[in-house]
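As stored in query.txt (compact mmCIF, C-alpha atoms and all ligand atoms):
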# COMPACT_ATOMS: atom_id res chain seq x y z
CA MET A 155 96.87 69.48 107.22
CA GLY A 156 98.17 72.28 109.46
CA ARG A 157 96.02 75.09 110.81
CA MET A 158 98.43 77.64 109.28
CA ASP A 159 99.12 76.04 105.90
CA GLY A 160 99.88 78.71 103.29
CA LYS A 161 100.21 81.52 105.86
CA VAL A 162 103.19 83.86 106.07
CA ALA A 163 103.54 85.54 109.46
CA PHE A 164 105.68 88.44 110.68
CA ILE A 165 106.13 88.53 114.47
CA SER A 166 107.94 91.46 116.09
CA GLY A 167 110.00 90.63 119.17
CA ALA A 168 109.92 86.90 118.42
CA GLY A 169 113.43 86.27 119.73
CA ASN A 170 112.16 85.55 123.24
CA GLY A 171 109.14 84.90 125.39
CA ILE A 172 105.62 84.98 123.99
CA GLY A 173 106.68 85.95 120.45
CA ARG A 174 109.09 83.03 120.21
CA ALA A 175 106.51 80.56 121.56
CA THR A 176 104.05 81.88 118.99
CA ALA A 177 106.53 81.61 116.13
CA ILE A 178 107.20 77.99 117.09
CA ARG A 179 103.47 77.21 117.39
CA PHE A 180 102.72 78.81 113.99
CA ALA A 181 105.53 76.84 112.32
CA GLU A 182 104.30 73.56 113.85
CA GLU A 183 101.02 74.28 112.05
CA GLY A 184 102.68 74.91 108.68
CA ALA A 185 103.28 78.69 108.67
CA LYS A 186 106.30 80.43 107.27
CA VAL A 187 107.36 82.79 110.06
CA VAL A 188 109.60 85.85 110.16
CA ILE A 189 111.23 86.51 113.51
CA ALA A 190 111.51 90.32 113.45
CA GLU A 191 113.83 90.85 116.39
CA ILE A 192 116.27 93.58 117.49
CA ASP A 193 118.63 91.22 119.34
CA PRO A 194 120.69 89.25 116.77
CA GLU A 195 121.63 86.43 119.12
CA ALA A 196 118.06 85.87 120.30
CA GLY A 197 116.77 86.14 116.74
CA ALA A 198 119.22 83.58 115.33
CA SER A 199 118.52 81.17 118.17
CA ALA A 200 114.74 81.53 117.72
CA GLU A 201 115.14 80.93 113.98
CA ARG A 202 116.77 77.56 114.70
CA MET A 203 113.95 76.62 117.09
CA VAL A 204 111.28 77.64 114.60
CA LYS A 205 112.90 75.66 111.77
CA ASP A 206 113.12 72.61 114.07
CA ALA A 207 109.45 73.02 115.02
CA ALA A 208 108.45 73.29 111.37
CA GLY A 209 109.94 69.88 110.59
CA ASN A 210 108.25 68.61 107.44
CA THR A 211 105.01 70.58 107.91
CA GLY A 212 105.89 73.03 105.13
CA GLY A 213 106.49 75.69 107.77
CA ASP A 214 109.74 77.66 108.02
CA GLY A 215 111.49 80.33 110.05
CA LEU A 216 113.57 83.35 109.05
CA PHE A 217 115.26 85.83 111.39
CA ILE A 218 115.32 89.40 110.11
CA GLU A 219 117.12 91.88 112.34
CA THR A 220 114.51 94.58 112.94
CA ASP A 221 114.01 97.61 115.12
CA ILE A 222 110.23 97.90 115.09
CA THR A 223 110.45 101.50 116.37
CA ASP A 224 112.36 102.61 113.28
CA HIS A 225 110.70 103.44 109.95
CA ASP A 226 113.49 102.28 107.64
CA SER A 227 114.16 99.08 109.58
CA THR A 228 110.48 98.07 109.75
CA LYS A 229 109.82 98.94 106.11
CA ALA A 230 112.88 96.92 105.02
CA ALA A 231 111.90 93.93 107.18
CA ILE A 232 108.40 93.77 105.72
CA ALA A 233 109.84 94.06 102.20
CA ALA A 234 112.35 91.27 102.94
CA THR A 235 109.52 89.07 104.26
CA VAL A 236 107.58 89.41 101.01
CA GLU A 237 110.71 88.93 98.93
CA HIS A 238 111.66 85.73 100.79
CA PHE A 239 108.26 84.10 101.34
CA GLY A 240 106.27 85.71 98.51
CA LYS A 241 103.57 87.44 100.58
CA LEU A 242 102.43 88.49 104.04
CA THR A 243 99.16 87.28 105.58
CA VAL A 244 99.64 87.52 109.36
CA LEU A 245 101.13 90.46 111.26
CA HIS A 246 101.71 90.02 114.99
CA ASN A 247 102.69 93.30 116.66
CA ASN A 248 104.13 91.62 119.74
CA ALA A 249 107.33 93.47 120.74
CA GLY A 250 107.01 95.37 123.99
CA GLY A 251 106.85 94.97 127.72
CA SER A 252 106.95 96.89 130.98
CA THR A 253 109.99 97.45 133.17
CA MET A 254 110.76 97.97 136.84
CA ASP A 255 111.16 101.72 136.08
CA ASP A 256 107.39 102.14 135.66
CA GLY A 257 105.22 103.49 138.47
CA PRO A 258 102.30 105.77 139.38
CA VAL A 259 102.00 108.85 137.15
CA THR A 260 103.28 111.12 139.94
CA GLU A 261 106.49 109.12 140.24
CA ALA A 262 107.23 107.39 136.92
CA PRO A 263 110.10 108.95 134.94
CA ASP A 264 109.31 110.61 131.58
CA GLU A 265 111.93 108.38 129.96
CA GLU A 266 109.94 105.25 130.85
CA PHE A 267 106.73 106.80 129.52
CA TRP A 268 108.30 107.57 126.14
CA ARG A 269 110.17 104.22 126.02
CA VAL A 270 107.00 102.17 126.34
CA ILE A 271 104.97 104.47 124.10
CA LYS A 272 107.68 104.19 121.46
CA LEU A 273 108.17 100.42 121.63
CA ASP A 274 104.69 99.06 122.38
CA LEU A 275 102.46 101.70 120.78
CA PHE A 276 104.55 103.25 118.01
CA GLY A 277 105.98 99.80 117.20
CA THR A 278 102.42 98.58 116.66
CA PHE A 279 101.71 101.66 114.54
CA LEU A 280 104.78 101.14 112.34
CA GLY A 281 104.33 97.39 111.97
CA SER A 282 100.78 98.07 110.82
CA LYS A 283 101.74 100.98 108.55
CA TYR A 284 104.06 98.77 106.51
CA GLY A 285 102.48 95.36 107.10
CA ILE A 286 98.81 96.01 106.33
CA PRO A 287 99.31 97.11 102.69
CA GLU A 288 101.08 93.78 102.03
CA ILE A 289 98.27 91.80 103.70
CA ILE A 290 95.78 93.65 101.51
CA LYS A 291 97.87 92.78 98.42
CA ALA A 292 97.74 89.12 99.50
CA GLY A 293 93.93 89.24 99.55
CA GLY A 294 93.45 89.67 103.30
CA GLY A 295 94.61 88.20 106.58
CA SER A 296 95.01 88.80 110.28
CA VAL A 297 96.65 91.46 112.46
CA ILE A 298 97.20 90.54 116.09
CA ASN A 299 98.15 93.33 118.46
CA MET A 300 99.49 92.82 121.98
CA SER A 301 97.59 94.57 124.74
CA SER A 302 97.45 93.55 128.41
CA ASN A 303 95.00 92.83 131.22
CA LEU A 304 96.10 96.25 132.51
CA ALA A 305 94.19 97.84 129.60
CA LEU A 306 90.98 96.19 130.85
CA MET A 307 91.11 96.71 134.63
CA GLY A 308 92.20 99.34 137.11
CA GLN A 309 95.44 98.37 138.77
CA GLY A 310 97.89 100.92 140.11
CA GLY A 311 101.64 101.10 139.82
CA ARG A 312 102.33 100.95 136.08
CA ASP A 313 100.81 104.03 134.47
CA CYS A 314 103.26 104.23 131.54
CA TYR A 315 102.59 100.66 130.44
CA THR A 316 98.84 100.98 131.04
CA ALA A 317 98.74 104.05 128.79
CA ALA A 318 100.47 102.23 125.94
CA LYS A 319 98.42 99.05 126.21
CA GLY A 320 95.11 100.94 126.53
CA ALA A 321 95.92 102.86 123.37
CA ILE A 322 96.72 99.61 121.56
CA ALA A 323 93.29 98.23 122.54
CA ALA A 324 91.58 101.36 121.22
CA MET A 325 93.61 101.32 117.99
CA THR A 326 92.74 97.65 117.49
CA ARG A 327 89.04 98.51 117.30
CA SER A 328 89.47 101.46 114.90
CA MET A 329 91.82 99.46 112.66
CA ALA A 330 89.30 96.61 112.55
CA VAL A 331 86.66 98.99 111.21
CA GLU A 332 89.05 100.60 108.73
CA TYR A 333 90.36 97.43 107.12
CA ALA A 334 87.39 95.03 107.27
CA GLY A 335 86.53 95.93 103.68
CA ASP A 336 90.00 94.73 102.67
CA LYS A 337 89.42 91.40 104.46
CA VAL A 338 91.96 92.28 107.15
CA ARG A 339 90.86 91.22 110.63
CA VAL A 340 92.42 93.09 113.56
CA ASN A 341 92.31 91.74 117.11
CA ALA A 342 94.39 92.02 120.27
CA ILE A 343 95.38 89.66 123.04
CA ALA A 344 95.34 90.88 126.64
CA PRO A 345 97.55 88.53 128.66
CA SER A 346 98.09 88.88 132.38
CA VAL A 347 101.35 87.84 134.06
CA THR A 348 102.98 85.32 131.72
CA GLN A 349 106.15 83.59 132.81
CA THR A 350 108.67 84.61 130.18
CA ASP A 351 112.34 84.89 131.23
CA ARG A 352 111.92 88.69 131.46
CA VAL A 353 108.86 88.43 133.70
CA LYS A 354 110.37 85.70 135.88
CA LYS A 355 112.99 88.30 136.88
CA PHE A 356 110.15 90.71 137.81
CA LEU A 357 108.46 88.03 139.87
CA GLU A 358 111.66 87.51 141.85
CA ALA A 359 112.21 91.24 142.40
CA ASP A 360 108.69 92.66 142.94
CA PRO A 361 106.48 91.15 145.66
CA THR A 362 103.46 93.17 144.38
CA ILE A 363 103.33 91.07 141.23
CA ILE A 364 103.53 87.91 143.31
CA GLN A 365 100.51 89.09 145.36
CA GLN A 366 98.68 89.79 142.13
CA GLY A 367 99.35 86.14 141.28
CA THR A 368 96.95 85.08 144.01
CA ARG A 369 94.06 86.48 141.95
CA HIS A 370 94.96 84.40 138.91
CA LEU A 371 92.24 81.79 139.31
CA LEU A 372 94.05 79.11 137.30
CA GLY A 373 97.65 80.04 138.22
CA LEU A 374 100.12 82.17 136.26
CA GLY A 375 100.30 81.81 132.49
CA GLU A 376 103.03 80.38 130.29
CA PRO A 377 103.95 81.71 126.81
CA ILE A 378 102.22 78.74 125.16
CA HIS A 379 98.84 79.88 126.54
CA ILE A 380 99.18 83.19 124.68
CA ALA A 381 100.63 81.50 121.59
CA ASN A 382 97.56 79.28 121.31
CA MET A 383 95.25 82.30 121.31
CA ALA A 384 97.44 83.95 118.65
CA LEU A 385 97.23 80.75 116.60
CA TYR A 386 93.42 80.85 116.68
CA LEU A 387 93.32 84.53 115.70
CA ALA A 388 95.84 84.03 112.89
CA SER A 389 94.04 81.02 111.43
CA ASP A 390 90.93 80.95 109.26
CA GLU A 391 89.06 79.50 112.26
CA ALA A 392 88.67 83.12 113.40
CA ALA A 393 87.20 84.22 110.06
CA LEU A 394 84.33 86.17 111.67
CA THR A 395 86.33 87.63 114.55
CA THR A 396 87.57 91.21 114.40
CA GLY A 397 87.96 94.27 116.60
CA GLN A 398 88.08 92.23 119.82
CA ILE A 399 90.44 92.24 122.78
CA PHE A 400 90.91 88.70 124.10
CA PRO A 401 91.98 88.27 127.72
CA VAL A 402 94.19 85.24 128.36
CA ASP A 403 94.47 86.08 132.00
CA SER A 404 93.58 83.18 134.29
CA GLY A 405 90.41 85.05 135.22
CA ILE A 406 92.17 88.03 136.83
CA THR A 407 89.92 90.60 135.13
CA ILE A 408 86.79 89.00 136.64
CA SER A 409 88.10 87.97 140.06
N1 LIG A 501 104.96 88.41 129.82
C1 LIG A 501 103.88 89.00 130.35
O1 LIG A 501 103.58 88.85 131.55
C2 LIG A 501 103.01 89.87 129.51
C3 LIG A 501 101.75 90.25 129.99
C4 LIG A 501 100.93 91.07 129.20
C5 LIG A 501 101.38 91.49 127.97
N2 LIG A 501 102.61 91.11 127.53
C6 LIG A 501 103.06 91.63 126.24
O2 LIG A 501 103.48 90.56 125.41
C7 LIG A 501 104.53 91.00 124.56
C8 LIG A 501 105.72 90.08 124.68
O3 LIG A 501 106.14 90.06 126.04
P1 LIG A 501 107.27 89.03 126.54
O4 LIG A 501 107.10 88.89 128.00
O5 LIG A 501 107.29 87.84 125.68
O6 LIG A 501 108.58 89.92 126.27
P2 LIG A 501 110.13 89.46 126.12
O7 LIG A 501 110.93 90.56 126.74
O8 LIG A 501 110.33 88.07 126.58
O9 LIG A 501 110.34 89.49 124.53
C9 LIG A 501 110.26 90.69 123.84
C10 LIG A 501 111.22 90.65 122.66
O10 LIG A 501 111.11 91.89 121.95
C11 LIG A 501 112.41 92.25 121.50
N3 LIG A 501 112.47 93.69 121.22
C12 LIG A 501 112.65 94.71 122.09
N4 LIG A 501 112.68 95.88 121.44
C13 LIG A 501 112.49 95.60 120.12
C14 LIG A 501 112.45 96.39 118.96
N5 LIG A 501 112.59 97.73 119.02
N6 LIG A 501 112.24 95.79 117.75
C15 LIG A 501 112.10 94.44 117.69
N7 LIG A 501 112.17 93.62 118.77
C16 LIG A 501 112.35 94.21 119.96
C17 LIG A 501 113.31 91.85 122.67
O11 LIG A 501 114.67 91.76 122.29
C18 LIG A 501 112.70 90.51 123.05
O12 LIG A 501 113.27 89.45 122.33
C19 LIG A 501 104.80 92.46 124.95
O13 LIG A 501 104.09 93.35 124.13
C20 LIG A 501 104.27 92.54 126.38
O14 LIG A 501 103.91 93.84 126.76
C21 LIG A 501 103.44 90.31 128.27

Can you dump the structure from the file as C-alpha cells?
Ligand SMILES: NC(=O)c1ccc[n+]([C@@H]2O[C@H](COP(=O)([O-])OP(=O)(O)OC[C@H]3O[C@@H](n4cnc5c(N)ncnc54)[C@H](O)[C@@H]3O)[C@@H](O)[C@H]2O)c1
Amino acid sequence: MGRMDGKVAFISGAGNGIGRATAIRFAEEGAKVVIAEIDPEAGASAERMVKDAAGNTGGDGLFIETDITDHDSTKAAIAATVEHFGKLTVLHNNAGGSTMDDGPVTEAPDEEFWRVIKLDLFGTFLGSKYGIPEIIKAGGGSVINMSSNLALMGQGGRDCYTAAKGAIAAMTRSMAVEYAGDKVRVNAIAPSVTQTDRVKKFLEADPTIIQQGTRHLLGLGEPIHIANMALYLASDEAALTTGQIFPVDSGITIS
C-alpha cells in the first residue's frame, strides 16, 4: 500500500527541479499528480516521467499547461484537475525561484521585486484561492507552500526573494488557522541551496553561493531531499501537523 493512495495532488512548476522530483515521488506512492507547468516541453516530459514512476501503483500523471500567476489559467487548471481525477486533496504551491538579477534593496531592480512577488507570492495566493475550496469539497487535505531558508535567517544579497519567501511563511501560518476547521492542513518547506538544473547554473556563476555551501553541515541538497519532506506533509502521516515551516537545509539555519 502506497503512502499516497487515493490522493490527488496539484503541483505548480512541476516541469523541473524540486516540483518534478516531488511529482515523481508522489506517483511512486500511488498519487494521481497534476503537473501544473508553464513550459509545455518541460511539462510533457515530466508527465512521461511521472507516469513511468507510477507504474502499477495506481498513481498517474497529467500535464496541464498553467500560468500560476494568472487567474483564468489557474482556475481552469484546478477545474481540469477535478474533472480528470475526480477531486483535489493535495495542493503544492511550488513554482518560483530567485534569479541573478536579485540583490540588496538599494541595488535590486524594481522589475525583479515584482517578478518574484508575482510568481512566488501571488502564485501561492492564486493556487490557494482556487485549490483550497476543492480540497474542502473533498473533505480535507494538505497545502504545501514553498518558502526558503532565507525566510528564517538573515543573509544579504537577495532582498526581493527574501521578501517573497518571508511573506509565504507568514501566510502559511494564517492559512493554517483559517482552514483547520475544514480539515485543511497548511505547511511550508524551507529548503536551502538545492541542486536543480537552474541552481546548478547559479552555483557556477556566483561564488557567494558556493561559499554559503561551506555552512551546509551535510553538503548541498538534491531535489529528492525536498520531495521526501513534501511527501510526509502530503500524506496522512502528518495528520497533526499544520502551520509549520520545515527547514530542509543541511543545518544552515543553525550553523
Ligand atoms: N533550488 C533551490 O535551491 C531552492 C531553495 C529554496 C527554495 N526553493 C524553491 O523551490 C521551488 C522550486 O525551485 P526549483 O529550484 O525546483 O525551480 P526550477 O526553476 O527548477 O523549477 C521551477 C518550475 O516552475 C515553472 N514555472 C515558472 N513560472 C511558472 C508559472 N508562472 N506557472 C507555472 N509554472 C511556472 C518553470 O518553468 C520550472 O519548470 C521555488 O519556489 C524555489 O523558490 C528552491

Could you give me the residues within 7 Å of ligand LIG 501 (chain A), counting only C-alpha atoms and all ligand atoms, as an MDAnalysis selection string? chainID A and resid 166:173 190:193 196 220:223 248:252 273:274 300:303 344:353

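Compared by their closest atoms to Ile286 (chain A), and using only C-alpha atoms, the residues A:Met383, A:Val244, A:Ile165, A:Leu357 rank with A:Val244 nearest.
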
If you count only C-alpha atoms, which residues fall within 12 Å of Met329 (chain A), apart from same-chain ones fewer than 4 positions away, as a PyMOL selection string? chain A and resi 278-279+282-283+286+296-299+321-325+333-342+396-398

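Nearest to Gly240 (chain A) of all the residues A:Asp255, A:Asp360, A:Glu288, A:Glu201 is A:Glu288, based on all atoms listed in the file.
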
Compile the contact shell of Glu183 (chain A) as an mmCIF file with C-alpha atoms, in the coordinates of the input: residues with an atom at most 12 Å away, counting all atoms listed in the file, same-chain residues fewer than 3 positions apart removed.
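The resulting selection37.cif:
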data_model
loop_
_atom_site.group_PDB
_atom_site.id
_atom_site.type_symbol
_atom_site.label_atom_id
_atom_site.label_comp_id
_atom_site.auth_asym_id
_atom_site.auth_seq_id
_atom_site.Cartn_x
_atom_site.Cartn_y
_atom_site.Cartn_z
ATOM 1 C CA MET A 155 96.870 69.480 107.220
ATOM 2 C CA GLY A 156 98.170 72.280 109.460
ATOM 3 C CA ARG A 157 96.020 75.090 110.810
ATOM 4 C CA MET A 158 98.430 77.640 109.280
ATOM 5 C CA ASP A 159 99.120 76.040 105.900
ATOM 6 C CA GLY A 160 99.880 78.710 103.290
ATOM 7 C CA LYS A 161 100.210 81.520 105.860
ATOM 8 C CA VAL A 162 103.190 83.860 106.070
ATOM 9 C CA ALA A 163 103.540 85.540 109.460
ATOM 10 C CA THR A 176 104.050 81.880 118.990
ATOM 11 C CA ALA A 177 106.530 81.610 116.130
ATOM 12 C CA ILE A 178 107.200 77.990 117.090
ATOM 13 C CA ARG A 179 103.470 77.210 117.390
ATOM 14 C CA PHE A 180 102.720 78.810 113.990
ATOM 15 C CA LYS A 186 106.300 80.430 107.270
ATOM 16 C CA VAL A 187 107.360 82.790 110.060
ATOM 17 C CA VAL A 204 111.280 77.640 114.600
ATOM 18 C CA LYS A 205 112.900 75.660 111.770
ATOM 19 C CA ALA A 207 109.450 73.020 115.020
ATOM 20 C CA ALA A 208 108.450 73.290 111.370
ATOM 21 C CA GLY A 209 109.940 69.880 110.590
ATOM 22 C CA ASN A 210 108.250 68.610 107.440
ATOM 23 C CA THR A 211 105.010 70.580 107.910
ATOM 24 C CA GLY A 212 105.890 73.030 105.130
ATOM 25 C CA GLY A 213 106.490 75.690 107.770
ATOM 26 C CA ASP A 214 109.740 77.660 108.020
ATOM 27 C CA ALA A 381 100.630 81.500 121.590
ATOM 28 C CA ASN A 382 97.560 79.280 121.310
ATOM 29 C CA LEU A 385 97.230 80.750 116.600
ATOM 30 C CA TYR A 386 93.420 80.850 116.680
ATOM 31 C CA ALA A 388 95.840 84.030 112.890
ATOM 32 C CA SER A 389 94.040 81.020 111.430
#

Here's a test: counting all atoms listed in the file, identify every protein, DNA and RNA residue with an atom at most 10 Å from (102.4, 89.1, 100.9) in the file's coordinate frame, and state them as a PyMOL selection string. chain A and resi 161-163+232-233+235-244+285-295
